[in-house]
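Shown next: coords-v1.csv, containing CSV, C-alpha atoms.
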chain,number,residue,atom,x,y,z
A,260,MET,CA,122.1,64.7,105.0
A,261,SER,CA,120.5,61.6,103.5
A,262,THR,CA,121.9,60.9,100.0
A,263,SER,CA,119.1,58.4,99.3
A,264,LEU,CA,116.4,60.9,100.3
A,265,ASN,CA,118.0,63.6,98.0
A,266,GLN,CA,118.1,61.1,95.2
A,267,LYS,CA,114.4,60.3,95.8
A,268,ILE,CA,113.5,64.0,95.8
A,269,GLN,CA,115.4,64.5,92.5
A,270,SER,CA,113.6,61.7,90.9
A,271,LEU,CA,110.1,62.9,91.9
A,272,ARG,CA,108.2,63.5,88.7
A,273,LYS,CA,104.5,64.2,87.8
A,274,GLU,CA,103.2,64.6,84.3
A,275,TYR,CA,100.4,67.1,84.2
A,276,SER,CA,97.6,66.3,81.8
A,277,THR,CA,94.3,67.3,83.5
A,278,ALA,CA,93.4,70.4,81.5
A,279,SER,CA,94.6,73.4,79.4
A,280,LEU,CA,94.2,77.1,79.6
A,281,SER,CA,93.9,79.3,76.5
A,282,GLU,CA,93.3,82.9,75.8
A,283,GLN,CA,90.0,82.1,74.2
A,284,ASP,CA,88.7,80.3,77.4
A,285,ILE,CA,89.6,82.9,80.0
A,286,HIS,CA,87.3,85.6,81.4
A,287,SER,CA,88.1,89.2,80.6
A,288,SER,CA,88.0,89.9,84.4
A,289,PRO,CA,90.7,88.2,86.5
A,290,PHE,CA,88.3,88.3,89.5
A,291,MET,CA,85.7,86.3,87.5
A,292,GLN,CA,88.4,83.9,86.3
A,293,PHE,CA,89.4,83.4,90.0
A,294,GLU,CA,85.8,82.8,90.9
A,295,ILE,CA,85.4,80.2,88.2
A,296,TRP,CA,88.6,78.3,89.3
A,297,MET,CA,87.7,78.6,93.0
A,298,GLN,CA,84.3,77.2,92.4
A,299,GLN,CA,85.8,74.3,90.5
A,300,ALA,CA,88.2,73.7,93.3
A,301,VAL,CA,85.4,73.7,95.9
A,302,GLU,CA,83.3,71.3,93.7
A,303,ALA,CA,86.4,69.0,93.3
A,304,LEU,CA,86.6,68.8,97.1
A,305,VAL,CA,90.1,70.2,97.1
A,306,PRO,CA,91.2,70.2,100.8
A,307,GLU,CA,91.0,73.8,102.1
A,308,PRO,CA,90.8,75.4,98.7
A,309,ASN,CA,90.9,78.8,100.5
A,310,ALA,CA,94.4,78.1,101.9
A,311,MET,CA,96.9,80.5,100.4
A,312,ASN,CA,100.6,81.2,100.7
A,313,LEU,CA,101.0,84.8,101.8
A,314,SER,CA,104.4,86.4,101.1
A,315,THR,CA,105.5,89.6,102.7
A,316,VAL,CA,108.8,91.6,102.7
A,317,SER,CA,110.3,93.3,105.7
A,318,SER,CA,111.6,96.9,105.7
A,319,LEU,CA,115.1,95.3,105.3
A,320,GLY,CA,114.0,93.5,102.1
A,321,LYS,CA,113.8,90.1,103.7
A,322,PRO,CA,110.9,88.0,102.4
A,323,SER,CA,108.9,85.5,104.4
A,324,SER,CA,105.9,83.3,103.6
A,325,ARG,CA,103.2,81.4,105.5
A,326,ILE,CA,99.8,79.8,104.9
A,327,VAL,CA,96.7,81.8,105.8
A,328,LEU,CA,93.0,81.4,104.9
A,329,LEU,CA,91.1,83.5,102.4
A,330,ARG,CA,87.9,84.8,104.0
A,331,GLY,CA,86.3,86.6,101.1
A,332,PHE,CA,86.9,88.3,97.8
A,333,ASP,CA,85.3,90.7,95.3
A,334,GLU,CA,86.5,93.2,92.8
A,335,ASN,CA,88.0,95.3,95.6
A,336,GLY,CA,90.4,92.5,96.5
A,337,PHE,CA,91.1,89.5,98.7
A,338,THR,CA,90.4,89.4,102.5
A,339,PHE,CA,92.1,87.7,105.3
A,340,TYR,CA,92.4,88.3,109.1
A,341,THR,CA,95.4,88.3,111.5
A,342,ASN,CA,97.0,89.8,114.5
A,343,TYR,CA,98.4,93.2,113.3
A,344,ASN,CA,101.4,92.8,115.7
A,345,SER,CA,102.4,89.4,114.2
A,346,HIS,CA,105.5,89.0,112.0
A,347,LYS,CA,103.4,89.4,108.8
A,348,GLY,CA,101.5,92.2,110.3
A,349,ASN,CA,104.7,94.1,111.1
A,350,ASP,CA,106.0,93.4,107.6
A,351,MET,CA,102.9,94.8,105.9
A,352,ALA,CA,102.8,97.8,108.2
A,353,LYS,CA,106.2,98.8,106.9
A,354,ASN,CA,106.0,97.5,103.3
A,355,ASN,CA,102.4,97.1,102.0
A,356,PHE,CA,103.3,95.1,98.9
A,357,ALA,CA,102.4,91.4,99.2
A,358,CYS,CA,101.7,88.3,97.2
A,359,ILE,CA,99.2,85.5,97.7
A,360,ASN,CA,99.4,82.1,96.0
A,361,PHE,CA,96.9,79.3,95.7
A,362,PHE,CA,98.1,75.8,94.7
A,363,TRP,CA,95.5,73.1,94.0
A,364,PRO,CA,97.5,69.9,93.0
A,365,GLU,CA,94.3,68.0,92.5
A,366,LEU,CA,93.5,70.3,89.5
A,367,GLU,CA,97.1,70.9,88.6
A,368,ARG,CA,96.6,74.6,89.0
A,369,GLN,CA,98.0,77.6,90.9
A,370,ILE,CA,97.1,81.3,91.0
A,371,ARG,CA,99.5,84.0,92.0
A,372,ILE,CA,98.2,87.4,92.9
A,373,GLU,CA,100.3,90.5,93.7
A,374,GLY,CA,99.1,93.8,95.1
A,375,ILE,CA,98.9,96.3,97.9
A,376,ILE,CA,97.7,95.6,101.4
A,377,GLU,CA,95.1,97.8,103.1
A,378,LYS,CA,93.4,97.4,106.5
A,379,LEU,CA,89.7,96.7,106.6
A,380,ASP,CA,87.4,99.0,108.5
A,381,GLU,CA,86.8,98.2,112.2
A,382,GLN,CA,83.1,97.4,111.6
A,383,THR,CA,83.9,94.7,109.0
A,384,SER,CA,86.7,93.2,111.2
A,385,THR,CA,84.4,93.2,114.3
A,386,GLU,CA,81.5,91.5,112.5
A,387,TYR,CA,83.8,88.8,111.2
A,388,PHE,CA,85.4,88.4,114.7
A,389,HIS,CA,82.0,87.7,116.2
A,390,SER,CA,81.2,85.2,113.5
A,391,ARG,CA,84.2,83.0,114.7
A,392,PRO,CA,83.8,80.2,117.2
A,393,ARG,CA,84.0,81.5,120.8
A,394,GLU,CA,87.2,79.5,121.4
A,395,SER,CA,88.9,81.2,118.4
A,396,GLN,CA,87.8,84.6,119.8
A,397,ILE,CA,89.4,83.8,123.1
A,398,GLY,CA,92.5,82.5,121.3
A,399,ALA,CA,93.0,85.9,119.6
A,400,TRP,CA,93.3,87.4,123.1
A,401,ALA,CA,95.5,84.6,124.5
A,402,SER,CA,98.1,84.6,121.7
A,403,ASN,CA,100.6,87.3,121.3
A,404,GLN,CA,101.2,86.0,117.8
A,405,SER,CA,104.8,85.5,116.7
A,406,ALA,CA,106.2,86.6,120.1
A,407,VAL,CA,108.8,84.3,121.7
A,408,ILE,CA,107.2,82.3,124.7
A,409,GLU,CA,108.8,80.1,127.3
A,410,SER,CA,106.7,77.1,126.6
A,411,ARG,CA,103.3,76.0,125.3
A,412,LYS,CA,102.1,76.2,128.9
A,413,THR,CA,102.4,80.0,128.6
A,414,VAL,CA,99.7,80.3,125.9
A,415,GLU,CA,97.5,77.6,127.5
A,416,GLU,CA,97.5,79.5,130.8
A,417,ALA,CA,96.6,82.7,128.9
A,418,PHE,CA,93.7,80.9,127.2
A,419,ILE,CA,92.4,79.8,130.6
A,420,LYS,CA,92.8,83.3,132.0
A,421,TYR,CA,90.8,84.9,129.2
A,422,SER,CA,88.2,82.1,129.2
A,423,GLU,CA,87.6,83.1,132.9
A,424,THR,CA,87.7,86.8,132.1
A,425,PHE,CA,85.0,86.5,129.4
A,426,LYS,CA,83.0,83.7,131.1
A,427,ASN,CA,80.0,85.8,131.8
A,428,ILE,CA,80.3,88.1,128.7
A,429,GLU,CA,78.0,87.1,125.9
A,430,GLN,CA,79.9,89.0,123.2
A,431,ILE,CA,83.6,89.0,123.5
A,432,PRO,CA,85.1,92.3,122.4
A,433,LYS,CA,87.5,92.3,119.4
A,434,PRO,CA,91.1,93.0,120.4
A,435,ALA,CA,92.4,96.3,118.9
A,436,HIS,CA,95.4,94.4,117.6
A,437,TRP,CA,93.3,91.9,115.5
A,438,GLY,CA,91.5,92.5,112.3
A,439,GLY,CA,91.2,92.2,108.6
A,440,LEU,CA,93.4,93.0,105.7
A,441,LEU,CA,92.6,93.4,102.0
A,442,LEU,CA,95.0,92.7,99.2
A,443,LYS,CA,94.2,94.9,96.3
A,444,PRO,CA,95.6,93.2,93.2
A,445,ASP,CA,97.5,94.8,90.3
A,446,THR,CA,98.7,91.4,88.9
A,447,PHE,CA,97.2,87.9,88.5
A,448,GLU,CA,98.8,84.8,87.0
A,449,PHE,CA,96.8,81.7,86.3
A,450,TRP,CA,98.9,78.6,85.9
A,451,GLN,CA,97.7,75.3,84.5
A,452,GLY,CA,100.0,72.3,84.5
A,453,ARG,CA,100.6,70.7,81.1
A,454,ALA,CA,102.6,67.8,79.7
A,455,SER,CA,106.4,68.0,79.2
A,456,ARG,CA,106.5,70.9,81.6
A,457,LEU,CA,105.0,73.1,78.8
A,458,HIS,CA,102.6,74.7,81.3
A,459,ASP,CA,100.0,77.3,80.4
A,460,ARG,CA,100.6,80.7,82.1
A,461,ILE,CA,98.2,83.6,81.6
A,462,LYS,CA,99.0,86.9,83.2
A,463,TYR,CA,96.6,89.8,83.9
A,464,THR,CA,98.1,93.3,84.5
A,465,CYS,CA,96.1,96.3,85.5
A,466,ASP,CA,96.7,99.4,83.3
A,467,LYS,CA,94.6,102.5,84.1
A,468,ASN,CA,91.7,100.4,85.5
A,469,ASN,CA,91.8,98.0,82.5
A,470,TRP,CA,93.0,94.5,82.7
A,471,GLU,CA,95.3,93.3,79.9
A,472,THR,CA,96.3,89.7,79.4
A,473,GLU,CA,99.4,88.0,78.0
A,474,ARG,CA,100.8,84.5,77.8
A,475,LEU,CA,104.0,83.8,79.6
A,476,SER,CA,106.6,81.1,78.6
A,477,PRO,CA,106.5,78.1,80.9
What would you get if you wrote out this structure as structure tokens?
Amino acid sequence: MSTSLNQKIQSLRKEYSTASLSEQDIHSSPFMQFEIWMQQAVEALVPEPNAMNLSTVSSLGKPSSRIVLLRGFDENGFTFYTNYNSHKGNDMAKNNFACINFFWPELERQIRIEGIIEKLDEQTSTEYFHSRPRESQIGAWASNQSAVIESRKTVEEAFIKYSETFKNIEQIPKPAHWGGLLLKPDTFEFWQGRASRLHDRIKYTCDKNNWETERLSP
């Protein structure tokens, strides 16, 4: 291992000073507070502001994380789409607790959201599937997501095969193994970077359909 690289990593420092977060400024609804921050991230031209880290836990208690894209949200929860047979899909089928995290370094902010995963209904998943670019629809058929393959050629040949299969079909059918998931939150944490590592952290917790807030130590 490179000693010099480790020394550089240890010396990396950034002083946060863009904004603050107080109990007086936050919205009583964590969903509305999320909308406010997401809107500000979009207006600030944060690259892919809907990119979120999704963490799942296997039936053996082993955690794993990956970046997925948020495709919608409301007071029911946060929506994303995937192959149900993928690594994350298998995790969530056996353990439906999950966590998503948004990090926007340009705004010195992150949002952590914990909750329970539910499948979206077939109609909603199908409507979204047909809104995707045609190549992405074919890709959903060609990729056996997370499965071990011999080489990249394997998936490229599968893409060609399904491109030919659907060549004369105007509306490609949605694969049964592909669809939407909804994370229904029970906890939110809004984090705003502050100077001297004295960050602002406001936590929302759901108690009998009411959201309570508290400040956490940085």
Residues of stretch 260-321 of chain A that have any atom at most 10 Å from an atom of stretch 460-463 of chain A: could you tabulate them with the shortest-distance atom pair and the distance in Å to one decimal, using only C-alpha atoms, ordered by chain and increasing number, as JSON lines?
{"residue": "A:Ser279", "atom": "CA", "partner": "A:Arg460", "partner_atom": "CA", "distance": 9.8}
{"residue": "A:Leu280", "atom": "CA", "partner": "A:Arg460", "partner_atom": "CA", "distance": 7.8}
{"residue": "A:Ser281", "atom": "CA", "partner": "A:Ile461", "partner_atom": "CA", "distance": 7.9}
{"residue": "A:Glu282", "atom": "CA", "partner": "A:Ile461", "partner_atom": "CA", "distance": 7.6}
{"residue": "A:Ile285", "atom": "CA", "partner": "A:Ile461", "partner_atom": "CA", "distance": 8.8}
{"residue": "A:Ser287", "atom": "CA", "partner": "A:Tyr463", "partner_atom": "CA", "distance": 9.1}
{"residue": "A:Ser288", "atom": "CA", "partner": "A:Tyr463", "partner_atom": "CA", "distance": 8.6}
{"residue": "A:Pro289", "atom": "CA", "partner": "A:Tyr463", "partner_atom": "CA", "distance": 6.6}
Same residues, C-alpha atoms, output as a compact mmCIF listing (two decimals), in the frame of the given file:
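Contents of result.txt, freshly written:
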# COMPACT_ATOMS: atom_id res chain seq x y z
CA SER A 279 94.60 73.40 79.40
CA LEU A 280 94.20 77.10 79.60
CA SER A 281 93.90 79.30 76.50
CA GLU A 282 93.30 82.90 75.80
CA ILE A 285 89.60 82.90 80.00
CA SER A 287 88.10 89.20 80.60
CA SER A 288 88.00 89.90 84.40
CA PRO A 289 90.70 88.20 86.50
Test item: which residues lie within 6 Å of (92.3, 95.9, 104.2) counting only C-alpha atoms, as a ChimeraX atom specification: /A:377-379,439-441
Shell of 9 Å around stretch 299-306 of chain A, all atoms listed in the file, local chain residues under 4 positions omitted, as a ChimeraX atom specification: /A:294-295,310,363-366
Atom CA of A:Asn354 to atom CA of A:Lys321, straight-line distance in Å: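 Those two atoms sit 10.8 Å apart.
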Nearest candidate to A:Arg393 (options A:Phe362, A:Tyr275, A:Phe425, A:Phe332; using only C-alpha atoms):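 That would be A:Phe425, the residue with the smallest distance to A:Arg393.
Restricting the calculation to all atoms listed in the file, the smallest distance between A:Asn355 and any of A:Ser395, A:Trp296, A:Ser324, A:Ser314 is found for A:Ser314.
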Among the residues A:Ser405, A:Thr341, A:Thr413, A:Asn335, the one that comes closest to A:Leu313 [using only C-alpha atoms]: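 Nearest candidate to A:Leu313 out of A:Ser405, A:Thr341, A:Thr413, A:Asn335: A:Thr341.
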Minimum-distance residue to A:Gly336, chosen among A:Asn469, A:Asn349, A:Thr446, A:Thr262 (using all atoms listed in the file): A:Thr446
Residue neighbourhood A:Ile359, 8 Å, all atoms listed in the file, exclusion window fewer than 6 positions, as number ranges by chain: A: 311-314, 371-373
